[in-house]
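Trainee: The structure under discussion is supplied below as structure tokens; questions concerning it will follow.
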Amino acid sequence: MISKISGLIEEVDSYQPASAQELEDFRIKFLSKKGILNQLFEDFKQLDNDSKKETGKWINILKNKVNEKIELYKKEFEHQKFQALFTGLDLSMEAYPLKAGSRHPVSIVKNQIIDIFSKIGFTQSVGPEIVDDWHNFTALNFPPDHPARDMQDTFYLQKNPDYLLRTHTSSVQVQEMQAHQPPIKTISIGRVYRNETISYKSHVQFHQIEGLYVDKNVSFAELKQVLYYFVEQFFGSDFKIRFRPSFFPFTEPSAEMDISPVHGKTRWMEILGCGMVDPAVLDNCGIDSSIYTGYAFGIGIERLTMLKYGIPDIRILFENDVRFLGQFSSQ
């Protein structure tokens, strides 16, 4: 039997198939249910124990050589098939041009804002989009009867009305003040939600970047200089700026900042709200308001995007129209 197996090994060693079909015939001959190896294993069962050890070794050698031969020529025939696909093709030709994607204009503006504030020492902070009432309202000095708490302005969760989709990224600032003692200098970035009627100028979702600086002896004058710097870096030096008194529950005093001209017209447009952090907010977050002061500001990214690129309707920013988005491929 060993002599028979030795002859089969020589046959396998010298075998050179000319095609994939010949290789398949070779596989069937040796490895199929009625193939040579299965028959050898049947004959092997009839041997006495003394002969089985040596014979079994030669059967395994034969089996390994068959498998190696199949794998070797299988790869070779696959390579030949792959090469045949390119027969007659000039592989030095340029490929068909593929249309490159582009950044969304909101992403472009967001990154520009981050870059501007990072140059003057602001770090980035993020937080969850689902928050509790305390982080979104109570800690920020919103009274219980404030209109912003109403269902007309806020998306509450049905299963737990104490939780809601955040209406501003000020909730992230609360978390930062709870987690760290001053100095704190950070911008909080993210998507926010408000239950508003969708129109050309408002949407139920948009993006905010809110800034916070808390330290000893922080002043409103510092806040103004930071915002002057931001407008000059973002829009250029050909803009006028004005601050108007305003009211926000979490800042006192509060102001809104306008710029002019807008799209070549001598009109004013509000671009952000700001103010000194109310001492009650600092105390709510575990920061001693008798020692520290701070300022905060909030910027709507969609509003700045529309202003920068002359986009007349905020809804365009959420339609994912490639004809619109393709205009920003070079940025």
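Just so we're on the same page: first chain in the structure tokens is A, next is B, and so on; residues restart at 1 for each chain, and ligands are numbered from 1 in the order they show up.
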As a PDB file with N, CA and C atoms, in the first residue's frame, please: the residues near A:Val172 (cut-off 9 Å, only C-alpha atoms, same-chain neighbours under 6 positions excluded).

Mentor:
ATOM      1  N   SER A 125     -15.683  72.269  24.569  1.00  0.00           N
ATOM      2  CA  SER A 125     -16.400  71.353  25.458  1.00  0.00           C
ATOM      3  C   SER A 125     -17.693  70.924  24.791  1.00  0.00           C
ATOM      4  N   VAL A 126     -18.075  69.680  25.030  1.00  0.00           N
ATOM      5  CA  VAL A 126     -19.302  69.135  24.446  1.00  0.00           C
ATOM      6  C   VAL A 126     -20.099  68.445  25.536  1.00  0.00           C
ATOM      7  N   GLY A 127     -21.381  68.258  25.268  1.00  0.00           N
ATOM      8  CA  GLY A 127     -22.242  67.586  26.234  1.00  0.00           C
ATOM      9  C   GLY A 127     -23.412  66.922  25.536  1.00  0.00           C
ATOM     10  N   PRO A 128     -24.254  66.215  26.287  1.00  0.00           N
ATOM     11  CA  PRO A 128     -25.377  65.476  25.690  1.00  0.00           C
ATOM     12  C   PRO A 128     -26.452  66.407  25.153  1.00  0.00           C
ATOM     13  N   HIS A 135     -30.203  71.404  34.381  1.00  0.00           N
ATOM     14  CA  HIS A 135     -29.058  71.874  33.594  1.00  0.00           C
ATOM     15  C   HIS A 135     -29.482  72.849  32.497  1.00  0.00           C
ATOM     16  N   ASN A 136     -30.687  72.664  31.951  1.00  0.00           N
ATOM     17  CA  ASN A 136     -31.107  73.502  30.834  1.00  0.00           C
ATOM     18  C   ASN A 136     -31.761  74.811  31.286  1.00  0.00           C
ATOM     19  N   SER A 188     -18.673  75.998  23.928  1.00  0.00           N
ATOM     20  CA  SER A 188     -19.513  74.790  23.882  1.00  0.00           C
ATOM     21  C   SER A 188     -20.225  74.742  22.541  1.00  0.00           C
ATOM     22  N   ILE A 189     -20.062  73.644  21.846  1.00  0.00           N
ATOM     23  CA  ILE A 189     -20.499  73.538  20.455  1.00  0.00           C
ATOM     24  C   ILE A 189     -21.508  72.415  20.326  1.00  0.00           C
TER      25      ILE A 189
END

Trainee: As a ChimeraX atom specification, please: every residue in stretch 98-153 of chain A that DSSP puts in helix (DSSP H, G or I).

Mentor: /A:105-118,133-136,138-140,147-149

Trainee: Identify, on the basis of only C-alpha atoms, every residue whose closest approach to A:Gly35 does not exceed 12 Å; exclude the query and any residue fewer than 6 positions from it along the same chain; express the result as a list in words.

Mentor: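 These residues fall inside the cut-off: Asp25, Phe26, Arg27, Ile28, Lys29, Phe41, Glu42, Lys63 and Val66 of chain A.
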
Trainee: Output N, CA and C atoms for every residue in the selection just made, as a tab-separated table (two decimals), in the first residue's frame.

Mentor:
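result05.tsv, freshly written:
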chain	number	residue	atom	x	y	z
A	25	ASP	N	-10.80	18.82	-12.21
A	25	ASP	CA	-10.83	17.37	-12.42
A	25	ASP	C	-9.84	16.67	-11.49
A	26	PHE	N	-8.68	17.30	-11.31
A	26	PHE	CA	-7.66	16.76	-10.39
A	26	PHE	C	-8.18	16.72	-8.96
A	27	ARG	N	-8.87	17.79	-8.56
A	27	ARG	CA	-9.42	17.85	-7.20
A	27	ARG	C	-10.46	16.74	-6.99
A	28	ILE	N	-11.34	16.57	-7.95
A	28	ILE	CA	-12.36	15.54	-7.85
A	28	ILE	C	-11.73	14.15	-7.78
A	29	LYS	N	-10.69	13.96	-8.58
A	29	LYS	CA	-10.02	12.66	-8.63
A	29	LYS	C	-9.48	12.25	-7.26
A	41	PHE	N	-8.26	5.79	2.71
A	41	PHE	CA	-8.65	5.76	4.12
A	41	PHE	C	-9.51	4.53	4.42
A	42	GLU	N	-10.31	4.08	3.44
A	42	GLU	CA	-11.11	2.87	3.64
A	42	GLU	C	-10.19	1.66	3.73
A	63	LYS	N	-2.09	13.65	1.00
A	63	LYS	CA	-3.20	14.60	1.13
A	63	LYS	C	-2.69	16.05	1.14
A	66	VAL	N	-1.56	17.14	-2.35
A	66	VAL	CA	-2.71	17.41	-3.22
A	66	VAL	C	-3.26	18.80	-2.94

Trainee: Rank nothing, just name the residue among A:Glu71, A:Asp150, A:Asp132, A:Glu210 nearest to A:Thr169, using only C-alpha atoms.

Mentor: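 Of the candidates, the smallest distance to A:Thr169 is held by A:Glu210.
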
Trainee: What is the distance between atom CA of A:Phe155 and atom CA of A:Ser202, in Å to one decimal?

Mentor: 15.7 Å

Trainee: So which residues touch stretch 113-124 of chain A within 10 Å, counting only C-alpha atoms, skipping near sequence neighbours fewer than 6 positions away, as a PyMOL selection string?

Mentor: chain A and resi 107+184-189+209+211-213+226-227+229-231+233-234+299+301+304

Trainee: With only C-alpha atoms as the atoms that count, which of A:Ser19, A:Lys33, A:Met151, A:Val109 lies nearest to A:Phe328?

Mentor: A:Val109

Trainee: When you count only C-alpha atoms, which of these residues is closest to A:Gly7: A:Lys75, A:Gly298, A:Gly101, A:Ile59?

Mentor: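 Using only C-alpha atoms, the shortest distance to A:Gly7 belongs to A:Ile59.
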
Trainee: Ranking A:Asp283, A:Asp238, A:Glu302, A:Glu76 by minimum distance to A:Phe206 and counting only C-alpha atoms, which one comes first?

Mentor: A:Glu302
